[in-house]
Amino acid sequence: MGRNPIYWDDPESFKPERFEQKSVEYTGYQFEYIPFGMGKRMCPAITFGLVNVELPLAHLLYHFDWGLPDGMKVDDLDMDESIGITVGRKNDLYLVATAYYPSWNE
Ligand code: HEM
């Protein structure tokens, strides 16, 4: 359902920006998007799971500026997926992280 072209434009492509235009709930009421399942067997740890994604991600974005290695463009990114119970990257992602030191005097 999460890749049904009736609901999703170009469903096989990784396009996080699609969510900028489409407001969709993930709590099991909109069946085209159920990352935590739905009904009585849905994930009981939605909040815990989300916090454990959002908090590390927020720290990484706050404490570093991120860029691609020299000469590389966004379109050059290898987005091949591995096959498994969950989908992950097939090959490692290489990024250049530059430490960001917030000024406490601002
Ligand atoms: C972002 C993180 C997570 C995602 C995307 C996720 C997703 C899911 C999905 C899709 C299901 C299956 C629902 C179904 O069978 O219809 C599930 C079930 C479950 N999840 Fe999660 N989960 C996450 C994190 C966690 C964490 C951190 C825990 C425990 C600390 C957890 C505990 C469980 C349990 C116990 C079930 C089985 C519920 C049941 O069968 O009654 N999940 N989860």
# chains A, B, ... in the order shown; residues from 1 in each chain; ligands from 1
>>> select_by_dssp(residues="chain A", states="alpha helix (DSSP H)", output="number ranges by chain")
A: 18-21, 46-63
>>> residues_around(residues="segment 77-79 of chain A", least_positions_apart="2", cutoff="9 Å", atoms="only C-alpha atoms", output="PyMOL selection string")
chain A and resi 14+72-75+81+89-93
>>> write_last_selection(atoms="all heavy atoms", output="CSV table (one decimal), in the first residue's frame")
chain,number,residue,atom,x,y,z
A,14,PHE,N,12.8,7.6,-4.0
A,14,PHE,CA,13.1,8.2,-2.7
A,14,PHE,C,12.9,9.7,-2.8
A,14,PHE,O,13.7,10.4,-3.4
A,14,PHE,CB,14.5,7.8,-2.2
A,14,PHE,CG,14.8,8.5,-0.9
A,14,PHE,CD1,14.2,8.1,0.3
A,14,PHE,CD2,15.7,9.5,-0.8
A,14,PHE,CE1,14.5,8.6,1.5
A,14,PHE,CE2,16.1,10.1,0.4
A,14,PHE,CZ,15.4,9.7,1.6
A,72,MET,N,30.9,16.0,-6.2
A,72,MET,CA,29.8,15.1,-6.2
A,72,MET,C,28.5,15.9,-6.2
A,72,MET,O,28.4,16.9,-5.5
A,72,MET,CB,29.8,14.1,-5.1
A,72,MET,CG,28.9,13.0,-5.2
A,72,MET,SD,29.2,11.8,-3.9
A,72,MET,CE,27.8,10.7,-4.2
A,73,LYS,N,27.5,15.5,-7.0
A,73,LYS,CA,26.2,16.2,-7.0
A,73,LYS,C,25.1,15.3,-6.4
A,73,LYS,O,25.3,14.1,-6.3
A,73,LYS,CB,25.8,16.5,-8.4
A,73,LYS,CG,26.8,17.5,-9.1
A,73,LYS,CD,26.2,18.1,-10.4
A,73,LYS,CE,27.0,19.2,-10.9
A,73,LYS,NZ,28.4,18.8,-11.3
A,74,VAL,N,24.0,15.9,-6.0
A,74,VAL,CA,23.0,15.1,-5.4
A,74,VAL,C,22.5,14.0,-6.3
A,74,VAL,O,22.3,12.9,-5.9
A,74,VAL,CB,21.8,16.0,-5.0
A,74,VAL,CG1,20.6,15.2,-4.6
A,74,VAL,CG2,22.2,17.0,-3.9
A,75,ASP,N,22.5,14.3,-7.6
A,75,ASP,CA,22.0,13.2,-8.6
A,75,ASP,C,23.0,12.1,-8.7
A,75,ASP,O,22.6,11.0,-9.2
A,75,ASP,CB,21.8,13.9,-9.9
A,75,ASP,CG,20.5,14.7,-9.9
A,75,ASP,OD1,19.7,14.6,-9.0
A,75,ASP,OD2,20.4,15.6,-10.8
A,81,GLU,N,19.1,0.0,-3.0
A,81,GLU,CA,18.6,-0.6,-1.7
A,81,GLU,C,19.0,-2.0,-1.5
A,81,GLU,O,19.1,-2.8,-2.5
A,81,GLU,CB,17.0,-0.5,-1.7
A,81,GLU,CG,16.5,0.9,-1.8
A,81,GLU,CD,15.0,1.0,-2.0
A,81,GLU,OE1,14.4,-0.1,-2.3
A,81,GLU,OE2,14.5,2.1,-1.9
A,89,ARG,N,20.4,1.0,2.9
A,89,ARG,CA,21.2,1.3,1.8
A,89,ARG,C,22.0,0.0,1.4
A,89,ARG,O,22.4,-0.8,2.2
A,89,ARG,CB,22.3,2.4,2.2
A,89,ARG,CG,21.7,3.7,2.6
A,89,ARG,CD,22.8,4.7,2.9
A,89,ARG,NE,23.4,5.0,1.6
A,89,ARG,CZ,23.0,5.8,0.7
A,89,ARG,NH1,21.9,6.5,0.9
A,89,ARG,NH2,23.6,6.0,-0.4
A,90,LYS,N,22.2,-0.1,0.1
A,90,LYS,CA,23.1,-1.2,-0.4
A,90,LYS,C,24.5,-0.9,-0.2
A,90,LYS,O,25.3,-1.8,0.2
A,90,LYS,CB,22.8,-1.5,-1.9
A,90,LYS,CG,23.4,-2.7,-2.4
A,90,LYS,CD,23.0,-3.0,-3.8
A,90,LYS,CE,23.7,-4.2,-4.5
A,90,LYS,NZ,23.5,-4.3,-5.9
A,91,ASN,N,24.9,0.3,-0.5
A,91,ASN,CA,26.3,0.8,-0.3
A,91,ASN,C,26.4,1.9,0.7
A,91,ASN,O,25.4,2.6,0.9
A,91,ASN,CB,26.8,1.2,-1.7
A,91,ASN,CG,26.8,0.0,-2.7
A,91,ASN,OD1,27.3,-1.0,-2.4
A,91,ASN,ND2,26.1,0.2,-3.8
A,92,ASP,N,27.6,2.1,1.3
A,92,ASP,CA,27.7,3.1,2.3
A,92,ASP,C,27.5,4.5,1.7
A,92,ASP,O,27.8,4.7,0.5
A,92,ASP,CB,29.1,3.0,2.9
A,92,ASP,CG,29.3,1.8,3.7
A,92,ASP,OD1,28.3,1.2,4.1
A,92,ASP,OD2,30.5,1.4,3.9
A,93,LEU,N,27.1,5.4,2.6
A,93,LEU,CA,26.9,6.8,2.2
A,93,LEU,C,28.1,7.6,2.7
A,93,LEU,O,28.4,7.5,3.9
A,93,LEU,CB,25.6,7.3,2.8
A,93,LEU,CG,25.4,8.8,2.7
A,93,LEU,CD1,25.1,9.2,1.3
A,93,LEU,CD2,24.2,9.2,3.6
>>> residues_around(residues="Asp76 of chain A", least_positions_apart="6", cutoff="12 Å", atoms="only C-alpha atoms", output="PyMOL selection string")
chain A and resi 68-70+93-94
>>> atom_distance(atom1="atom CA of Thr86 of chain A", atom2="atom CA of Tyr62 of chain A")
27.4 Å
>>> residues_near_ligand(ligand="ligand 1", cutoff="6 Å", atoms="only C-alpha atoms and all ligand atoms", output="PyMOL selection string")
chain A and resi 35-38+41-45+48-50
>>> write_last_selection(atoms="C-alpha atoms", output="PDB file, in the first residue's frame")
ATOM      1  CA  PRO A  35       5.068   2.735   8.881  1.00  0.00           C
ATOM      2  CA  PHE A  36       4.011   1.558  12.347  1.00  0.00           C
ATOM      3  CA  GLY A  37       1.272  -0.754  11.182  1.00  0.00           C
ATOM      4  CA  MET A  38      -2.381  -0.332  12.082  1.00  0.00           C
ATOM      5  CA  ARG A  41      -1.162  -5.213  16.332  1.00  0.00           C
ATOM      6  CA  MET A  42       0.321  -1.865  15.408  1.00  0.00           C
ATOM      7  CA  CYS A  43       3.600  -0.823  16.975  1.00  0.00           C
ATOM      8  CA  PRO A  44       3.133  -0.035  20.677  1.00  0.00           C
ATOM      9  CA  ALA A  45       6.356   2.006  20.693  1.00  0.00           C
ATOM     10  CA  PHE A  48       9.793   5.707  21.610  1.00  0.00           C
ATOM     11  CA  GLY A  49      10.678   4.842  18.021  1.00  0.00           C
ATOM     12  CA  LEU A  50      10.161   8.385  16.751  1.00  0.00           C
TER      13      LEU A  50
END
>>> closest_residue(among="A:Gly2, A:Pro11, A:Pro56, A:Pro16", to="Gln30 of chain A", atoms="only C-alpha atoms")
A:Gly2
>>> residues_around(residues="segment 6-8 of chain A", least_positions_apart="5", cutoff="10 Å", atoms="only C-alpha atoms", output="list of chain:residue names")
A:Met1, A:Ser13, A:Arg18, A:Lys22, A:Phe31, A:Glu32, A:Tyr33
>>> write_last_selection(atoms="N, CA and C atoms", output="PDB file, in the first residue's frame")
ATOM      1  N   MET A   1       0.821  -1.204   0.000  1.00  0.00           N
ATOM      2  CA  MET A   1       0.000   0.000   0.000  1.00  0.00           C
ATOM      3  C   MET A   1       0.855   1.253   0.000  1.00  0.00           C
ATOM      4  N   SER A  13      10.443   5.874  -6.055  1.00  0.00           N
ATOM      5  CA  SER A  13      11.556   6.812  -5.890  1.00  0.00           C
ATOM      6  C   SER A  13      11.614   7.370  -4.476  1.00  0.00           C
ATOM      7  N   ARG A  18       8.095  14.777  -1.051  1.00  0.00           N
ATOM      8  CA  ARG A  18       6.689  14.535  -1.375  1.00  0.00           C
ATOM      9  C   ARG A  18       5.791  14.863  -0.174  1.00  0.00           C
ATOM     10  N   LYS A  22       1.931  16.874   0.825  1.00  0.00           N
ATOM     11  CA  LYS A  22       0.872  15.949   1.212  1.00  0.00           C
ATOM     12  C   LYS A  22       0.912  15.738   2.715  1.00  0.00           C
ATOM     13  N   PHE A  31      -4.468   4.396   5.467  1.00  0.00           N
ATOM     14  CA  PHE A  31      -3.863   3.112   5.156  1.00  0.00           C
ATOM     15  C   PHE A  31      -2.778   3.173   4.088  1.00  0.00           C
ATOM     16  N   GLU A  32      -2.720   4.273   3.335  1.00  0.00           N
ATOM     17  CA  GLU A  32      -1.654   4.355   2.329  1.00  0.00           C
ATOM     18  C   GLU A  32      -0.290   4.620   2.967  1.00  0.00           C
ATOM     19  N   TYR A  33      -0.275   4.928   4.268  1.00  0.00           N
ATOM     20  CA  TYR A  33       0.998   5.224   4.927  1.00  0.00           C
ATOM     21  C   TYR A  33       0.956   4.695   6.356  1.00  0.00           C
TER      22      TYR A  33
END
>>> residues_around(residues="Phe64 of chain A", least_positions_apart="4", cutoff="9 Å", atoms="only C-alpha atoms", output="JSON, numbers by chain")
{"A": [59, 60, 97, 98, 99, 100, 101]}
>>> select_by_dssp(residues="chain A", states="strand (DSSP E or B)", output="list in words")
Phe64, Asp65, Trp66, Gly67, Glu81, Arg89, Val96, Ala97, Thr98 and Ala99 of chain A
>>> write_last_selection(atoms="C-alpha atoms", output="CSV table (one decimal), in the first residue's frame")
chain,number,residue,atom,x,y,z
A,64,PHE,CA,27.5,19.6,11.9
A,65,ASP,CA,27.2,21.2,8.5
A,66,TRP,CA,26.8,18.4,5.9
A,67,GLY,CA,28.1,18.3,2.4
A,81,GLU,CA,18.6,-0.6,-1.7
A,89,ARG,CA,21.2,1.3,1.8
A,96,VAL,CA,31.7,15.4,4.7
A,97,ALA,CA,30.8,16.6,8.2
A,98,THR,CA,32.1,20.0,9.3
A,99,ALA,CA,31.7,20.6,13.0
>>> closest_residue(among="A:Ile46, A:Ser82, A:Asp9, A:Ser103", to="Gly28 of chain A", atoms="only C-alpha atoms")
A:Ile46
>>> closest_residue(among="A:Glu12, A:Glu20, A:Glu54, A:Glu25", to="Asp80 of chain A", atoms="only C-alpha atoms")
A:Glu12
